[in-house]
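To start, the structure itself, in structure tokens.
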Amino acid sequence: MANEYADLGTLKRQLGLDDDDDTRDALLQQALTAASRSIDKAAGRRFWLDSEPVQRVYRPHGRTVVEADGTALLVDDIGSTSGLVIETGSAAAWSVTATWETLPDNALTLGRPVTALLRSGGWGTGTSRVRVTARYGWPAVPDEIVQAALIQASRLFKRKDSPEGITGSAEWGVVRLSRRDPDVWNLIEPYLLPGFG
């Protein structure tokens with residue numbers, strides 16, 4: 001699998017497993033993948049960066065915000081300006097647009113993604129579209145997301161030992177597992193897109 005937010009070795013150390021013991025690697029990898037994708041779904045975004053630029057088309061209607069110095073087109077998270085190309089038009093004809101700025105200011109420098117493209121004037125009318133070729137995702141996976149993935153993967157791996165969501169110990173007795181791990185939620189909550197979670 002690819003694009004997990006933590007690596008297998010770190011998860012094994014967190015669980016107190018020997019690095020050389022590969023008997024559970026498939027289950028651990030499955031837990032890491034599931035934890036990473038569940039974080040994506042809860043947050044409404046993904047934190048891994050495309051290796052190559054990908055094209056996406058946006059309809060400006062309903063995706064623009066008027067600012068004092070232009071109109072901002074809201075886009076999916078862009079994690080790198082390498083290979084970034086902005087075009088306007090339609091499927092019949094696209095023309096490259098060179099007059100735009102990324103928002104928020106200094107986002108990539110601060111380890112955050114670009115989430116809007118600012119242009120003086122507007123982004124077109126009627127049937128106009130904006131085609132954005134970019135490396136989508138985040139510049140780097142935030143530390144909080146890595147930790148949330150490790151906690152959730154540990155929980156998923158151990159879930160096989162708690163049928164029906166019930167676990168127990170000599171110290172606490174029988175305990176029902178909560179639906180949502182509060183530590184995982186606290187770690188990912190600042191990264192949620194509005195309307196998700």
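Letters A, B, ... mark the chains of the structure tokens in the order given; residue numbers begin at 1 per chain; ligand numbers begin at 1, in order shown.
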Q) Mind checking DSSP for region 20-76 of chain A and telling me the strand (DSSP E or B) residues as a PyMOL selection string? A) chain A and resi 54-58+64-67+70-76
Output C-alpha atoms for every residue in that selection, as a compact mmCIF listing (two decimals), in the first residue's frame.
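That gives us out22.txt:
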```
# COMPACT_ATOMS: atom_id res chain seq x y z
CA VAL A 54 -2.66 16.21 -11.72
CA GLN A 55 -5.37 18.16 -13.58
CA ARG A 56 -8.64 19.11 -11.92
CA VAL A 57 -11.39 21.29 -13.34
CA TYR A 58 -13.37 23.73 -11.20
CA THR A 64 -15.35 32.08 -5.34
CA VAL A 65 -14.95 34.63 -2.58
CA VAL A 66 -14.68 38.34 -3.36
CA GLU A 67 -11.66 39.89 -1.62
CA GLY A 70 -9.61 40.36 -6.35
CA THR A 71 -11.60 37.15 -6.46
CA ALA A 72 -10.38 33.99 -4.73
CA LEU A 73 -11.20 30.62 -6.30
CA LEU A 74 -11.40 27.92 -3.62
CA VAL A 75 -9.46 24.81 -4.69
CA ASP A 76 -8.52 21.46 -3.20
```
Q | Within 12 Å of Asn186 (chain A) using only C-alpha atoms, minus same-chain residues under 4 positions, as a PyMOL selection string | A | chain A and resi 39+43+144-145+147-148+151+180-182+190-192+197
Q. So which residues touch region 111-125 of chain A within 9 Å, counting only C-alpha atoms, skipping near sequence neighbours fewer than 6 positions away, as a PyMOL selection string?
A. chain A and resi 60-61+64+66-67+69-81+88-89+99-105+136-142
How would the residues just chosen look if you wrote them out with C-alpha atoms as a CSV table (one decimal), in the first residue's frame?
```
chain,number,residue,atom,x,y,z
A,60,PRO,CA,-16.1,29.1,-10.4
A,61,HIS,CA,-19.8,29.5,-9.6
A,64,THR,CA,-15.4,32.1,-5.3
A,66,VAL,CA,-14.7,38.3,-3.4
A,67,GLU,CA,-11.7,39.9,-1.6
A,69,ASP,CA,-7.9,42.9,-4.1
A,70,GLY,CA,-9.6,40.4,-6.3
A,71,THR,CA,-11.6,37.1,-6.5
A,72,ALA,CA,-10.4,34.0,-4.7
A,73,LEU,CA,-11.2,30.6,-6.3
A,74,LEU,CA,-11.4,27.9,-3.6
A,75,VAL,CA,-9.5,24.8,-4.7
A,76,ASP,CA,-8.5,21.5,-3.2
A,77,ASP,CA,-5.4,21.5,-1.1
A,78,ILE,CA,-2.3,22.2,-3.2
A,79,GLY,CA,1.0,21.1,-1.5
A,80,SER,CA,3.5,22.4,-4.1
A,81,THR,CA,3.7,25.1,-6.7
A,88,THR,CA,-9.4,29.2,-18.0
A,89,GLY,CA,-12.0,28.3,-20.7
A,99,THR,CA,-2.1,36.6,-13.3
A,100,TRP,CA,-2.9,34.8,-10.0
A,101,GLU,CA,-1.6,34.5,-6.5
A,102,THR,CA,-1.8,31.7,-4.0
A,103,LEU,CA,-3.7,32.0,-0.7
A,104,PRO,CA,-3.3,31.9,2.2
A,105,ASP,CA,-0.2,34.0,2.0
A,136,TYR,CA,-2.5,18.1,-4.6
A,137,GLY,CA,-2.2,17.3,-0.9
A,138,TRP,CA,0.0,18.8,1.8
A,139,PRO,CA,3.6,19.8,1.6
A,140,ALA,CA,4.4,17.3,4.4
A,141,VAL,CA,2.2,15.2,6.7
A,142,PRO,CA,1.7,17.1,10.0
```
Contacts of Ala2 (chain A) at 12 Å (only C-alpha atoms; same-chain gap of 2+ positions) as an mmCIF file with N, CA and C atoms, in the first residue's frame:
```
data_model
loop_
_atom_site.group_PDB
_atom_site.id
_atom_site.type_symbol
_atom_site.label_atom_id
_atom_site.label_comp_id
_atom_site.auth_asym_id
_atom_site.auth_seq_id
_atom_site.Cartn_x
_atom_site.Cartn_y
_atom_site.Cartn_z
ATOM 1 N N GLU A 4 0.418 5.848 3.508
ATOM 2 C CA GLU A 4 0.061 5.755 4.917
ATOM 3 C C GLU A 4 0.772 6.894 5.648
ATOM 4 N N TYR A 5 0.210 7.323 6.769
ATOM 5 C CA TYR A 5 0.750 8.467 7.490
ATOM 6 C C TYR A 5 1.784 8.101 8.548
ATOM 7 N N ALA A 6 2.104 6.825 8.666
ATOM 8 C CA ALA A 6 3.159 6.368 9.576
ATOM 9 C C ALA A 6 3.756 5.123 8.939
ATOM 10 N N ASP A 7 4.914 4.730 9.419
ATOM 11 C CA ASP A 7 5.552 3.555 8.828
ATOM 12 C C ASP A 7 5.411 2.345 9.752
ATOM 13 N N LEU A 8 5.589 1.202 9.153
ATOM 14 C CA LEU A 8 5.398 -0.075 9.843
ATOM 15 C C LEU A 8 6.347 -0.219 11.042
ATOM 16 N N GLN A 29 0.074 -3.629 8.578
ATOM 17 C CA GLN A 29 -0.006 -2.773 7.386
ATOM 18 C C GLN A 29 -1.457 -2.451 7.054
ATOM 19 N N GLN A 30 -2.311 -3.439 7.177
ATOM 20 C CA GLN A 30 -3.741 -3.236 6.926
ATOM 21 C C GLN A 30 -4.312 -2.212 7.908
ATOM 22 N N LEU A 32 -2.611 0.203 9.443
ATOM 23 C CA LEU A 32 -2.061 1.518 9.079
ATOM 24 C C LEU A 32 -2.814 2.141 7.908
ATOM 25 N N THR A 33 -3.083 1.327 6.898
ATOM 26 C CA THR A 33 -3.805 1.825 5.733
ATOM 27 C C THR A 33 -5.220 2.265 6.121
ATOM 28 N N ALA A 34 -5.919 1.434 6.877
ATOM 29 C CA ALA A 34 -7.279 1.774 7.303
ATOM 30 C C ALA A 34 -7.293 3.016 8.173
ATOM 31 N N SER A 36 -5.114 5.520 8.160
ATOM 32 C CA SER A 36 -4.805 6.678 7.327
ATOM 33 C C SER A 36 -6.007 7.107 6.490
ATOM 34 N N ARG A 37 -6.684 6.146 5.888
ATOM 35 C CA ARG A 37 -7.845 6.504 5.050
ATOM 36 C C ARG A 37 -9.023 6.985 5.895
ATOM 37 N N TRP A 48 -1.261 13.404 2.100
ATOM 38 C CA TRP A 48 -0.129 12.991 1.266
ATOM 39 C C TRP A 48 -0.120 13.819 -0.008
ATOM 40 N N LEU A 49 1.065 14.016 -0.549
ATOM 41 C CA LEU A 49 1.277 14.879 -1.710
ATOM 42 C C LEU A 49 1.412 14.042 -2.975
ATOM 43 N N ASP A 50 0.707 14.454 -4.046
ATOM 44 C CA ASP A 50 0.863 13.784 -5.333
ATOM 45 C C ASP A 50 2.324 13.830 -5.761
ATOM 46 N N SER A 51 2.813 12.748 -6.344
ATOM 47 C CA SER A 51 4.203 12.727 -6.812
ATOM 48 C C SER A 51 4.363 13.505 -8.112
#
```
Q) Mind checking DSSP for region 13-174 of chain A and telling me the alpha helix (DSSP H) residues as a ChimeraX atom specification? A) /A:13-14,25-43,143-158
Any chance you can output those residues with N, CA and C atoms as a compact mmCIF listing (two decimals), in the first residue's frame?
```txt
# COMPACT_ATOMS: atom_id res chain seq x y z
N ARG A 13 7.23 -0.59 16.98
CA ARG A 13 7.88 -0.12 18.22
C ARG A 13 6.85 0.40 19.21
N GLN A 14 5.83 1.10 18.70
CA GLN A 14 4.79 1.62 19.58
C GLN A 14 4.03 0.49 20.27
N ASP A 25 3.04 -8.54 10.13
CA ASP A 25 3.22 -7.36 9.27
C ASP A 25 2.01 -7.07 8.38
N ALA A 26 1.40 -8.11 7.83
CA ALA A 26 0.25 -7.89 6.94
C ALA A 26 -0.91 -7.25 7.71
N LEU A 27 -1.17 -7.74 8.92
CA LEU A 27 -2.25 -7.16 9.74
C LEU A 27 -1.92 -5.73 10.17
N LEU A 28 -0.66 -5.50 10.53
CA LEU A 28 -0.25 -4.15 10.93
C LEU A 28 -0.34 -3.18 9.76
N GLN A 29 0.07 -3.63 8.58
CA GLN A 29 -0.01 -2.77 7.39
C GLN A 29 -1.46 -2.45 7.05
N GLN A 30 -2.31 -3.44 7.18
CA GLN A 30 -3.74 -3.24 6.93
C GLN A 30 -4.31 -2.21 7.91
N ALA A 31 -3.91 -2.29 9.17
CA ALA A 31 -4.37 -1.33 10.18
C ALA A 31 -3.87 0.08 9.88
N LEU A 32 -2.61 0.20 9.44
CA LEU A 32 -2.06 1.52 9.08
C LEU A 32 -2.81 2.14 7.91
N THR A 33 -3.08 1.33 6.90
CA THR A 33 -3.81 1.83 5.73
C THR A 33 -5.22 2.27 6.12
N ALA A 34 -5.92 1.43 6.88
CA ALA A 34 -7.28 1.77 7.30
C ALA A 34 -7.29 3.02 8.17
N ALA A 35 -6.32 3.14 9.07
CA ALA A 35 -6.25 4.33 9.94
C ALA A 35 -6.02 5.58 9.12
N SER A 36 -5.11 5.52 8.16
CA SER A 36 -4.80 6.68 7.33
C SER A 36 -6.01 7.11 6.49
N ARG A 37 -6.68 6.15 5.89
CA ARG A 37 -7.84 6.50 5.05
C ARG A 37 -9.02 6.99 5.89
N SER A 38 -9.16 6.47 7.12
CA SER A 38 -10.25 6.95 7.98
C SER A 38 -9.99 8.39 8.42
N ILE A 39 -8.72 8.75 8.61
CA ILE A 39 -8.39 10.14 8.93
C ILE A 39 -8.74 11.05 7.75
N ASP A 40 -8.43 10.60 6.53
CA ASP A 40 -8.79 11.37 5.34
C ASP A 40 -10.30 11.62 5.29
N LYS A 41 -11.08 10.57 5.53
CA LYS A 41 -12.53 10.70 5.46
C LYS A 41 -13.07 11.62 6.54
N ALA A 42 -12.55 11.50 7.75
CA ALA A 42 -13.01 12.35 8.85
C ALA A 42 -12.66 13.81 8.60
N ALA A 43 -11.47 14.04 8.06
CA ALA A 43 -11.00 15.42 7.86
C ALA A 43 -11.56 16.05 6.59
N ASP A 143 2.74 16.44 12.02
CA ASP A 143 3.08 15.52 13.11
C ASP A 143 1.84 14.99 13.83
N GLU A 144 0.83 15.83 13.98
CA GLU A 144 -0.40 15.41 14.67
C GLU A 144 -1.11 14.30 13.88
N ILE A 145 -1.06 14.38 12.56
CA ILE A 145 -1.70 13.36 11.72
C ILE A 145 -0.94 12.05 11.81
N VAL A 146 0.39 12.13 11.85
CA VAL A 146 1.21 10.93 12.02
C VAL A 146 0.86 10.24 13.34
N GLN A 147 0.80 11.02 14.42
CA GLN A 147 0.49 10.44 15.73
C GLN A 147 -0.92 9.87 15.77
N ALA A 148 -1.87 10.57 15.17
CA ALA A 148 -3.25 10.06 15.13
C ALA A 148 -3.32 8.75 14.37
N ALA A 149 -2.56 8.63 13.28
CA ALA A 149 -2.54 7.39 12.49
C ALA A 149 -1.95 6.24 13.31
N LEU A 150 -0.91 6.52 14.08
CA LEU A 150 -0.30 5.48 14.92
C LEU A 150 -1.26 5.01 16.01
N ILE A 151 -1.92 5.95 16.66
CA ILE A 151 -2.88 5.59 17.72
C ILE A 151 -4.03 4.77 17.13
N GLN A 152 -4.57 5.25 16.02
CA GLN A 152 -5.71 4.56 15.41
C GLN A 152 -5.31 3.19 14.86
N ALA A 153 -4.13 3.09 14.27
CA ALA A 153 -3.67 1.80 13.75
C ALA A 153 -3.46 0.81 14.90
N SER A 154 -2.91 1.28 16.01
CA SER A 154 -2.73 0.41 17.19
C SER A 154 -4.08 -0.10 17.67
N ARG A 155 -5.04 0.81 17.72
CA ARG A 155 -6.38 0.46 18.17
C ARG A 155 -7.02 -0.56 17.23
N LEU A 156 -6.88 -0.34 15.92
CA LEU A 156 -7.46 -1.26 14.94
C LEU A 156 -6.79 -2.63 15.02
N PHE A 157 -5.48 -2.66 15.21
CA PHE A 157 -4.76 -3.93 15.31
C PHE A 157 -5.22 -4.71 16.54
N LYS A 158 -5.41 -4.02 17.64
CA LYS A 158 -5.83 -4.68 18.88
C LYS A 158 -7.31 -5.04 18.88
```
